[in-house]
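With compact mmCIF, C-alpha atoms inside, this is entry-v7.txt:
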```txt
# COMPACT_ATOMS: atom_id res chain seq x y z
CA MET A 1 193.78 -20.85 281.17
CA GLU A 2 190.18 -19.59 281.52
CA ARG A 3 187.93 -22.45 282.51
CA PRO A 4 184.22 -22.50 281.51
CA ARG A 5 182.96 -20.41 284.42
CA ALA A 6 185.58 -17.74 283.83
CA VAL A 7 184.73 -17.61 280.11
CA GLU A 8 181.03 -17.40 280.89
CA ARG A 9 181.67 -14.49 283.26
CA ILE A 10 183.75 -12.65 280.65
CA LEU A 11 181.02 -13.05 278.04
CA ARG A 12 178.26 -11.99 280.45
CA GLU A 13 180.12 -8.77 281.15
CA ALA A 14 180.43 -7.93 277.43
CA ALA A 15 177.87 -5.84 275.53
CA PRO A 16 175.43 -8.12 273.65
CA HIS A 17 176.78 -7.17 270.20
CA GLU A 18 180.38 -7.66 271.36
CA ILE A 19 180.28 -11.13 272.90
CA PHE A 20 181.83 -12.84 269.89
CA ASP A 21 184.49 -10.12 269.53
CA VAL A 22 185.39 -10.63 273.20
CA LEU A 23 185.59 -14.40 272.75
CA ARG A 24 187.70 -14.02 269.60
CA ALA A 25 190.19 -11.80 271.43
CA LEU A 26 190.39 -14.31 274.28
CA ILE A 27 191.08 -17.22 271.89
CA GLU A 28 193.69 -15.21 269.99
CA ARG A 29 195.44 -14.29 273.21
CA ARG A 30 195.34 -17.69 274.90
CA HIS A 31 195.92 -19.97 271.89
CA GLY A 32 197.77 -17.79 269.40
CA ALA A 33 194.90 -18.11 266.91
CA LEU A 34 195.53 -16.69 263.46
CA ALA A 35 191.80 -16.40 262.63
CA VAL A 36 188.57 -16.91 264.56
CA GLU A 37 185.13 -16.94 262.92
CA PHE A 38 181.64 -17.72 264.09
CA LEU A 39 179.42 -19.19 261.36
CA MET A 40 175.66 -19.30 262.02
CA ALA A 41 173.21 -21.62 260.26
CA ASP A 42 170.80 -19.71 258.03
CA TYR A 43 167.04 -20.05 258.27
CA ALA A 44 166.94 -22.64 255.50
CA SER A 45 169.58 -24.78 257.27
CA THR A 46 171.59 -25.03 254.07
CA GLU A 47 174.43 -22.55 254.67
CA LEU A 48 176.65 -21.17 257.42
CA GLN A 49 176.85 -17.40 257.45
CA PRO A 50 179.79 -15.49 259.06
CA VAL A 51 178.73 -13.23 261.93
CA ARG A 52 179.63 -9.71 260.90
CA VAL A 53 178.06 -6.29 260.84
CA LEU A 54 176.01 -5.85 257.65
CA PRO A 55 176.55 -5.84 254.73
CA HIS A 56 178.00 -9.35 254.48
CA THR A 57 181.14 -9.30 252.37
CA ARG A 58 182.07 -12.98 252.44
CA PRO A 59 179.93 -15.67 250.80
CA PRO A 60 178.32 -18.22 253.12
CA VAL A 61 179.78 -21.70 253.65
CA PRO A 62 177.56 -24.53 252.33
CA LEU A 63 176.52 -27.10 254.89
CA ARG A 64 176.99 -29.90 252.37
CA ASP A 65 180.52 -30.97 251.47
CA SER A 66 182.34 -28.66 253.88
CA ALA A 67 184.30 -29.33 257.07
CA ALA A 68 182.22 -26.70 258.89
CA GLY A 69 179.07 -28.44 257.67
CA ARG A 70 180.32 -31.76 258.99
CA ALA A 71 181.02 -30.23 262.42
CA PHE A 72 177.52 -28.74 262.42
CA SER A 73 175.74 -31.89 261.23
CA ALA A 74 177.66 -34.42 263.33
CA GLN A 75 177.88 -32.08 266.34
CA GLU A 76 181.50 -33.10 266.75
CA PRO A 77 184.76 -31.12 266.39
CA GLN A 78 186.57 -31.35 263.06
CA CYS A 79 190.26 -30.61 262.43
CA VAL A 80 191.47 -29.55 258.97
CA HIS A 81 195.24 -29.41 258.36
CA ASP A 82 196.13 -26.72 255.83
CA GLY A 83 199.24 -28.37 254.42
CA PRO A 84 201.93 -25.96 253.21
CA ALA A 85 200.61 -23.17 255.45
CA SER A 86 201.51 -25.24 258.55
CA THR A 87 198.21 -24.39 260.16
CA VAL A 88 195.23 -26.34 261.45
CA THR A 89 191.62 -25.17 261.54
CA VAL A 90 189.54 -26.53 264.39
CA LEU A 91 185.77 -26.39 263.86
CA VAL A 92 183.49 -26.95 266.86
CA PRO A 93 179.68 -26.91 266.98
CA VAL A 94 177.90 -24.08 268.77
CA SER A 95 174.70 -25.49 270.27
CA VAL A 96 172.53 -25.03 273.33
CA ARG A 97 170.19 -27.72 274.70
CA GLY A 98 170.16 -29.47 271.35
CA ASP A 99 169.42 -26.31 269.32
CA ARG A 100 172.18 -26.10 266.71
CA LEU A 101 173.22 -22.47 266.16
CA GLY A 102 176.39 -22.74 264.12
CA VAL A 103 180.12 -23.46 264.16
CA LEU A 104 183.13 -21.80 265.77
CA SER A 105 186.12 -21.86 263.38
CA VAL A 106 189.61 -21.33 264.84
CA THR A 107 192.78 -21.39 262.71
CA LEU A 108 195.94 -22.13 264.70
CA PRO A 109 199.62 -22.81 264.04
CA THR A 110 199.87 -26.59 263.77
CA GLY A 111 201.69 -26.96 267.09
CA ASN A 112 198.96 -25.02 268.92
CA GLY A 113 196.08 -27.25 267.84
CA SER A 114 197.05 -30.50 269.55
CA GLY A 115 196.24 -32.06 272.90
CA ASP A 116 193.08 -30.88 274.60
CA VAL A 117 192.75 -27.69 272.55
CA PRO A 118 189.61 -28.91 270.66
CA GLU A 119 188.03 -29.72 274.02
CA GLN A 120 188.86 -26.26 275.34
CA LEU A 121 187.48 -24.62 272.20
CA GLN A 122 184.29 -26.65 272.63
CA GLU A 123 183.92 -25.21 276.12
CA TYR A 124 184.23 -21.72 274.65
CA ALA A 125 181.63 -22.58 272.00
CA ASP A 126 179.21 -23.88 274.64
CA ALA A 127 179.58 -20.67 276.64
CA LEU A 128 179.03 -18.61 273.47
CA ALA A 129 175.84 -20.53 272.64
CA HIS A 130 174.25 -19.80 276.01
CA GLU A 131 175.12 -16.11 275.79
CA ILE A 132 173.69 -15.77 272.26
CA VAL A 133 170.27 -16.92 273.49
CA VAL A 134 170.30 -14.03 275.98
CA ALA A 135 172.00 -11.50 273.69
CA GLU A 136 169.43 -11.91 270.90
CA ARG A 137 166.94 -10.03 273.07
CA ASP A 138 169.11 -6.92 272.86
CA THR A 139 170.91 -7.01 269.50
CA ASP A 140 170.05 -7.91 265.90
CA LEU A 141 173.60 -8.98 265.05
CA PHE A 142 173.04 -12.72 265.39
CA LEU A 143 169.56 -12.68 263.85
CA GLN A 144 170.98 -10.85 260.82
CA ALA A 145 173.68 -13.49 260.49
CA ARG A 146 171.02 -16.20 260.15
CA ARG A 147 169.83 -14.84 256.79
CA THR A 148 171.51 -15.05 253.42
CA GLU A 149 168.70 -13.06 251.82
CA ARG A 150 165.99 -10.77 253.04
CA LEU A 151 163.03 -12.30 254.87
CA THR A 152 159.50 -11.30 253.98
CA LEU A 153 157.73 -9.53 256.85
CA ALA A 154 155.50 -12.56 257.35
CA ALA A 155 158.53 -14.85 257.58
CA GLU A 156 160.19 -12.47 260.06
CA MET A 157 157.09 -12.65 262.25
CA GLN A 158 156.84 -16.42 261.96
CA TRP A 159 160.49 -17.18 262.80
CA GLN A 160 160.26 -14.95 265.88
CA LEU A 161 157.27 -17.01 267.02
CA LEU A 162 159.08 -20.36 266.89
CA PRO A 163 160.96 -21.84 269.87
CA GLY A 164 163.98 -22.99 267.80
CA ARG A 165 164.67 -25.65 265.20
CA SER A 166 165.78 -28.45 267.47
CA CYS A 167 166.01 -29.40 271.12
CA SER A 168 166.90 -32.46 273.12
CA ARG A 169 167.02 -33.99 276.56
CA ARG A 170 167.48 -37.56 277.67
CA GLU A 171 163.85 -38.60 276.97
CA TYR A 172 163.52 -37.17 273.45
CA SER A 173 165.09 -35.25 270.58
CA ILE A 174 163.16 -32.89 268.28
CA GLY A 175 164.02 -31.34 264.92
CA ALA A 176 161.83 -29.03 262.83
CA GLN A 177 162.08 -27.07 259.59
CA LEU A 178 159.87 -24.79 257.50
CA GLU A 179 160.14 -24.21 253.76
CA PRO A 180 160.38 -21.90 251.93
CA ALA A 181 162.33 -20.45 254.84
CA TYR A 182 162.46 -16.85 253.61
CA ALA A 183 158.81 -16.46 252.56
CA ILE A 184 156.76 -18.83 254.71
CA PHE A 185 152.96 -18.68 254.83
CA GLY A 186 151.71 -19.68 258.28
CA ASP A 187 152.67 -23.21 259.36
CA SER A 188 154.19 -23.29 262.83
CA PHE A 189 155.27 -25.46 265.74
CA ASP A 190 155.87 -24.98 269.45
CA TRP A 191 157.13 -27.00 272.39
CA SER A 192 157.60 -26.69 276.13
CA ALA A 193 158.78 -29.22 278.71
CA SER A 194 158.48 -29.60 282.47
CA ALA A 195 159.85 -32.27 284.78
CA ASP A 196 157.34 -34.89 283.63
CA ASP A 197 155.64 -33.54 280.49
CA LEU A 198 156.45 -32.37 276.99
CA ILE A 199 153.81 -30.26 275.24
CA LEU A 200 154.17 -30.17 271.45
CA THR A 201 151.92 -28.35 268.99
CA VAL A 202 152.10 -28.49 265.19
CA SER A 203 149.90 -26.15 263.15
CA ASN A 204 148.99 -25.98 259.49
CA GLY A 205 148.30 -22.30 258.79
CA MET A 206 145.50 -20.94 256.62
CA GLY A 207 146.14 -18.23 254.05
CA GLU A 208 149.39 -16.50 253.23
CA GLY A 209 151.49 -13.48 254.03
CA ILE A 210 150.71 -11.19 256.95
CA ASP A 211 147.20 -12.62 257.43
CA ALA A 212 148.59 -16.14 257.90
CA ALA A 213 151.33 -14.92 260.26
CA LEU A 214 148.83 -12.95 262.38
CA LEU A 215 146.55 -16.00 262.59
CA SER A 216 149.44 -18.18 263.75
CA HIS A 217 150.53 -15.60 266.33
CA LEU A 218 147.04 -15.39 267.77
CA ALA A 219 146.57 -19.15 268.02
CA ILE A 220 150.05 -20.02 269.34
CA ASN A 221 149.99 -17.27 271.95
CA ALA A 222 146.50 -18.33 273.03
CA LEU A 223 147.78 -21.89 273.46
CA ARG A 224 150.79 -20.63 275.43
CA ASN A 225 148.57 -18.46 277.62
CA ALA A 226 146.35 -21.42 278.42
CA ARG A 227 149.30 -23.75 279.02
CA ARG A 228 151.02 -21.27 281.32
CA GLY A 229 147.74 -20.76 283.14
CA GLY A 230 147.73 -24.44 284.07
CA LEU A 231 144.91 -25.62 281.77
CA ASP A 232 144.88 -29.19 280.56
CA LEU A 233 145.18 -30.08 276.87
CA ALA A 234 141.43 -29.81 276.22
CA GLY A 235 141.36 -26.44 277.99
CA GLN A 236 144.25 -25.19 275.88
CA ALA A 237 142.45 -26.16 272.68
CA LEU A 238 139.21 -24.57 273.88
CA LEU A 239 140.84 -21.23 274.79
CA ALA A 240 142.70 -21.03 271.47
CA ASP A 241 139.52 -21.99 269.59
CA GLN A 242 137.61 -19.18 271.32
CA ALA A 243 140.38 -16.66 270.67
CA VAL A 244 140.56 -17.41 266.94
CA TYR A 245 136.77 -17.58 266.51
CA GLY A 246 136.31 -14.36 268.48
CA GLN A 247 138.67 -12.56 266.12
CA HIS A 248 137.64 -14.10 262.78
CA GLN A 249 134.10 -15.49 263.33
CA GLY A 250 134.93 -18.74 261.54
CA LEU A 251 136.29 -17.11 258.38
CA ARG A 252 139.84 -18.07 259.37
CA TYR A 253 140.91 -21.08 261.38
CA LEU A 254 143.95 -23.19 262.17
CA SER A 255 144.46 -26.95 261.83
CA THR A 256 146.51 -28.04 264.84
CA LEU A 257 147.82 -31.10 266.61
CA LEU A 258 148.22 -30.75 270.39
CA LEU A 259 150.21 -33.44 272.18
CA ARG A 260 151.24 -34.02 275.78
CA PHE A 261 153.95 -36.65 276.27
CA HIS A 262 154.22 -38.07 279.80
CA LEU A 263 157.98 -38.41 280.05
CA PRO A 264 158.19 -41.17 282.70
CA THR A 265 155.84 -43.56 280.85
CA GLY A 266 155.59 -42.57 277.17
CA ASP A 267 151.83 -42.11 277.38
CA VAL A 268 150.65 -39.54 274.83
CA GLU A 269 147.50 -37.44 275.11
CA ILE A 270 146.57 -35.88 271.79
CA ILE A 271 143.93 -33.62 270.28
CA ASP A 272 143.63 -33.70 266.51
CA ALA A 273 142.11 -30.33 265.62
CA GLY A 274 142.44 -30.40 261.91
CA SER A 275 145.27 -31.43 261.36
CA PRO A 276 148.86 -32.10 260.22
CA ARG A 277 149.38 -35.85 259.91
CA ILE A 278 151.52 -38.16 262.04
CA TRP A 279 153.70 -41.00 260.83
CA ARG A 280 155.48 -43.44 263.10
CA LEU A 281 158.69 -45.32 262.33
CA ARG A 282 158.97 -48.32 264.65
CA ALA A 283 161.38 -51.20 264.01
CA ASP A 284 161.81 -50.06 260.37
CA VAL A 285 158.04 -50.13 259.78
CA VAL A 286 156.48 -46.84 258.62
CA GLU A 287 152.79 -46.38 259.36
CA PRO A 288 150.36 -43.49 259.91
CA ILE A 289 148.81 -42.95 263.34
CA GLU A 290 145.08 -42.83 262.73
CA LEU A 291 143.14 -40.30 264.82
CA ASN A 292 139.58 -39.02 265.05
CA ALA A 293 139.85 -35.58 263.49
CA GLN A 294 137.99 -32.79 265.30
CA MET A 295 137.23 -29.25 264.17
CA PRO A 296 140.15 -26.86 263.47
CA LEU A 297 140.74 -24.12 266.01
CA GLY A 298 138.39 -21.19 265.37
CA MET A 299 136.13 -22.82 262.79
CA PHE A 300 133.02 -22.85 265.04
CA GLU A 301 132.01 -21.23 268.30
CA ASP A 302 132.34 -23.19 271.58
CA THR A 303 133.83 -26.36 270.11
CA SER A 304 134.52 -29.06 272.72
CA TYR A 305 137.70 -31.08 272.23
CA VAL A 306 138.14 -34.66 273.42
CA PRO A 307 141.69 -36.02 273.90
CA GLN A 308 142.76 -39.38 272.51
CA HIS A 309 145.67 -41.52 273.70
CA PHE A 310 148.47 -43.70 272.38
CA ARG A 311 151.88 -44.75 273.64
CA VAL A 312 155.41 -44.29 272.33
CA GLU A 313 158.17 -46.79 272.95
CA PRO A 314 161.94 -46.20 273.17
CA GLY A 315 163.29 -46.12 269.61
CA ASP A 316 160.08 -44.74 268.09
CA ARG A 317 160.30 -41.86 265.63
CA LEU A 318 157.27 -39.63 265.02
CA LEU A 319 157.03 -37.43 261.91
CA PHE A 320 154.54 -34.54 261.72
CA VAL A 321 153.96 -33.36 258.16
CA SER A 322 151.83 -30.45 256.91
CA ASP A 323 149.62 -30.30 253.83
CA GLY A 324 152.30 -28.37 251.97
CA VAL A 325 154.21 -31.65 251.73
CA TYR A 326 151.28 -33.86 250.66
CA ASP A 327 149.94 -31.33 248.17
CA ALA A 328 153.28 -30.39 246.57
CA LEU A 329 153.11 -30.74 242.79
CA SER A 330 155.87 -31.60 240.38
CA PRO A 331 156.40 -29.41 237.29
CA ALA A 332 154.26 -31.98 235.46
CA GLY A 333 151.42 -31.58 237.98
CA GLU A 334 151.97 -34.85 239.86
CA LYS A 335 151.19 -34.75 243.58
CA TYR A 336 153.80 -35.91 246.10
CA SER A 337 152.51 -39.35 247.04
CA LEU A 338 152.22 -41.14 250.37
CA THR A 339 154.55 -43.75 248.94
CA ALA A 340 157.19 -41.10 248.31
CA LEU A 341 156.73 -39.76 251.83
CA ALA A 342 157.10 -43.22 253.38
CA ARG A 343 160.23 -43.72 251.29
CA ALA A 344 161.65 -40.42 252.59
CA VAL A 345 160.91 -41.45 256.19
CA THR A 346 162.74 -44.73 255.66
CA SER A 347 165.71 -43.24 253.82
CA THR A 348 166.38 -40.78 256.68
CA ARG A 349 165.98 -43.31 259.49
CA LEU A 350 169.70 -43.27 260.41
CA LEU A 351 169.90 -39.49 260.72
CA PRO A 352 169.42 -37.77 264.08
CA ALA A 353 166.10 -35.99 264.58
CA SER A 354 167.68 -32.57 264.12
CA GLN A 355 168.73 -33.44 260.53
CA VAL A 356 165.65 -35.33 259.37
CA PRO A 357 163.32 -32.40 258.48
CA ARG A 358 165.95 -30.71 256.30
CA ALA A 359 166.73 -33.99 254.52
CA MET A 360 163.06 -34.77 253.89
CA LEU A 361 162.37 -31.29 252.57
CA GLN A 362 165.34 -31.62 250.23
CA GLU A 363 163.75 -34.76 248.79
CA LEU A 364 160.48 -32.87 248.43
CA LEU A 365 162.29 -30.07 246.61
CA GLY A 366 163.63 -32.65 244.16
CA HIS A 367 160.02 -33.59 243.40
CA ARG A 368 158.62 -30.05 243.31
CA GLY A 369 161.46 -28.35 241.49
CA PHE A 370 162.94 -24.93 242.23
CA GLY A 371 159.98 -22.75 241.25
CA PRO A 372 157.89 -20.76 243.76
CA ALA A 373 156.02 -22.91 246.28
CA ALA A 374 152.22 -22.71 246.43
CA ASP A 375 152.24 -23.38 250.18
CA ASP A 376 154.79 -23.74 252.94
CA SER A 377 155.92 -27.20 254.00
CA LEU A 378 156.55 -28.21 257.59
CA VAL A 379 158.26 -31.32 258.93
CA VAL A 380 158.75 -31.98 262.66
CA CYS A 381 160.64 -35.10 263.79
CA LEU A 382 160.54 -36.46 267.34
CA ASP A 383 162.76 -39.34 268.46
CA TRP A 384 161.57 -40.96 271.67
CA HIS A 385 164.33 -42.31 273.91
CA GLY A 386 162.28 -42.83 277.07
CA ARG A 387 163.30 -42.51 280.68
CA PRO A 388 165.35 -45.25 282.37
CA ALA A 389 163.23 -47.43 284.62
CA ALA A 390 165.47 -46.65 287.63
CA ASP A 391 164.17 -43.06 287.54
```
Translate the structure of the given file into C-alpha cells.
Amino acid sequence: MERPRAVERILREAAPHEIFDVLRALIERRHGALAVEFLMADYASTELQPVRVLPHTRPPVPLRDSAAGRAFSAQEPQCVHDGPASTVTVLVPVSVRGDRLGVLSVTLPTGNGSGDVPEQLQEYADALAHEIVVAERDTDLFLQARRTERLTLAAEMQWQLLPGRSCSRREYSIGAQLEPAYAIFGDSFDWSASADDLILTVSNGMGEGIDAALLSHLAINALRNARRGGLDLAGQALLADQAVYGQHQGLRYLSTLLLRFHLPTGDVEIIDAGSPRIWRLRADVVEPIELNAQMPLGMFEDTSYVPQHFRVEPGDRLLFVSDGVYDALSPAGEKYSLTALARAVTSTRLLPASQVPRAMLQELLGHRGFGPAADDSLVVCLDWHGRPAAD
C-alpha cells in the first residue's frame, strides 16, 4: 500500500495536467475502484464541478443537499451505500491549509470500502490538494474546473489576485467570498502570516470592470511590495497610497482596511483607510468596531496614516463587510439594513468561518433578488482561537 510520502512522490513526478489521472489509476489499482472523480468547488461556492478537459459534459453537483456537498462543508468523509448495486461511494474533502478545493469521490464494491479505506483515501486527497496548488502554475485544467460559466475578464483578473477563499492555523480561521463571483467589480482581500503576525487587508474597490480590477491590482501589489520589503503597517499604507495617487492623481482611489494581528497576544494594529466595516461577535453579542476613518488609498498626495489598536479574545468572530452589502437594494428599492446584517451575523454563528461568507451572501441574495447586482459584495470572516499560554 502506498503511504502518503509514496503517493506524494508519484504525483510530483506526473505532468501537472495528469496528476488526477495518475491518482485515479492508483486508486483503481490498489482499491478496485469502479469510479473515481475529483469535484472542484466553483467560484461562487455553490456547486462542485467535475475535473475534465473542456467542454464539461456532466452537470455540476450542488453543494446543498448532496453527499459531496456535506463532505465539502463539514470537511469530513461521507460514505453513501448504493443499495441494489452493492457499491459504496466514499467522498473525502480535498483541502490544503484550510483552503477548501473540492471533494474526491471514489465508488467501490461494498467489501472494499470498509476498515481504514476512508482514512487512506483522505491521505490521497491531502496529497492531491498540495500538488494542485503547485500544478495550477503550469496548467489551466483545475482553474477551468472551478467555473460553471465564463468569467468576465475583470473577474478573471480579480480571482487570480486573491490568496484563496479560506485558510486556517491554530490561532485563527478565515473565510472569504465575493459576489457576483463571475462578474465582480473590484472588491478584494489579501492575507499573509509569519511566525508571530497575520496581515489582513480588505478593500472596497472603486468603479467596475477592467478599470476596477486594474486599480485593485495596483493597490494590492503595492501593499505586498511594501510588506515584503519589511515596512510596518503605516509604511505599507503610505507606499500603496503613493502608488495609486501617482497613477490616477486622486481620480481613482481604494477604501481599505489594513490589520496586523499579533498572534501570541491578540493585539491588533489597524489602519482604516476608507473603509469596509468591521463587526464583532463576542459571547453572542454583535457590535460594530468603531474606528477613526482616514483617507482612502490614493485620494490625496502624501497622506500620513496613523494606526489604531484593539484586542481580540479567543472565541471572537470578526466580520468585514463591503458597501455592496450595505447598499444592496431589494426589488422594491429597500436598502439592506444594519438590523438585517446583525441578524445574519447571529444566524451564522455556529458555522465555521469558511462557510459564513457564503451563507451571509445567500441571505443578502434573498433580499436583493436574482437580478443583476449594482456592485459586488464582499464578506470576510475571521475566527480568533488564540495561542495557548504555554507557547
Test item: residues at most 6 Å from range 254-270 of chain A, only C-alpha atoms, excluding those fewer than 6 positions along its chain, as an MDAnalysis selection string: chainID A and resid 196:205 296:297 307:312 387
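Between CA of Ile278 in chain A and CA of Leu318 in chain A lies a distance of 6.6 Å.
Rounded to one decimal, CA of Tyr305 in chain A and CA of Ser173 in chain A lie 27.8 Å from each other.
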Near Val22 in chain A, within 12 Å and counting only C-alpha atoms, which residues show up once chain neighbours fewer than 6 positions away are dropped, as a list in words? Val7, Glu8, Arg9, Ile10, Leu11, Arg12, Glu13, Ala14, Ala15, Pro16, Glu28, Arg29, Val36, Tyr124, Leu128 and Glu131 of chain A
Would you compute an axis-aligned box for range 284-299 of chain A, covering every atom listed for it in the file with 8 Å of margin on each side, and report centre and edge lengths in Å to one decimal as lines of an AutoDock Vina configuration file?
```
center_x = 149.0
center_y = -35.7
center_z = 262.3
size_x = 41.7
size_y = 44.9
size_z = 23.4
```
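Atom pair CA of Ala273 in chain A / CA of Ala237 in chain A has a distance of 8.2 Å (rounded to one decimal).
Residues with any atom within 12 Å of the point (192.8, -30.5, 271.4), counting only C-alpha atoms, are His31, Pro77, Gln78, Cys79, Val88, Thr89, Val90, Leu91, Val92, Val106, Leu108, Thr110, Gly111, Asn112, Gly113, Ser114, Gly115, Asp116, Val117, Pro118, Glu119, Gln120, Leu121, Gln122 and Glu123 of chain A.
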Would you kindly identify which residues have an atom no farther than 7 Å from (181.9, -18.1, 262.6), using only C-alpha atoms and the file's own coordinates, and write them out as a PyMOL selection string? chain A and resi 37-40+50-51+103-105
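Distances here use only C-alpha atoms; by that measure, the residue among A:Gly209, A:Gly32, A:Gly246, A:Pro276 closest to Phe189 in chain A is A:Pro276.
Candidate residues A:Ser354, A:Ala67, A:Ser304, A:Ser188 were compared for distance to Asp376 in chain A, and the nearest is A:Ser188, using all atoms listed in the file.
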Among the residues A:Val94, A:Ala155, A:Ala344, A:Val379, the one that comes closest to Arg358 in chain A [using all atoms listed in the file]: A:Val379
For Val133 in chain A: contacts at 10 Å, all atoms listed in the file, fewer than 5 positions along chain excluded, given as a PyMOL selection string: chain A and resi 96+101+128+142
List the neighbours of Gly235 in chain A out to 12 Å using all atoms listed in the file; skip same-chain residues closer than 5 positions along the sequence, and give me the result as a count of residues only. 20
So, with all atoms listed in the file as the atoms that count, which of A:Ala154, A:Cys381, A:Leu361, A:Val325 lies closest to Ala212 in chain A? A:Ala154
Exercise: Gln160 in chain A partners within 12 Å, only C-alpha atoms, chain neighbours under 6 positions left out, as a short mmCIF file (atom, residue, chain, number, x, y, z; two decimals) with C-alpha atoms, keeping the file's coordinate frame:
```
data_model
loop_
_atom_site.label_atom_id
_atom_site.label_comp_id
_atom_site.auth_asym_id
_atom_site.auth_seq_id
_atom_site.Cartn_x
_atom_site.Cartn_y
_atom_site.Cartn_z
CA TYR A 43 167.04 -20.05 258.27
CA GLU A 136 169.43 -11.91 270.90
CA ARG A 137 166.94 -10.03 273.07
CA LEU A 143 169.56 -12.68 263.85
CA LEU A 151 163.03 -12.30 254.87
CA LEU A 153 157.73 -9.53 256.85
CA ALA A 154 155.50 -12.56 257.35
CA SER A 188 154.19 -23.29 262.83
CA PHE A 189 155.27 -25.46 265.74
CA ASP A 190 155.87 -24.98 269.45
CA ALA A 213 151.33 -14.92 260.26
CA SER A 216 149.44 -18.18 263.75
CA HIS A 217 150.53 -15.60 266.33
CA ILE A 220 150.05 -20.02 269.34
#
```
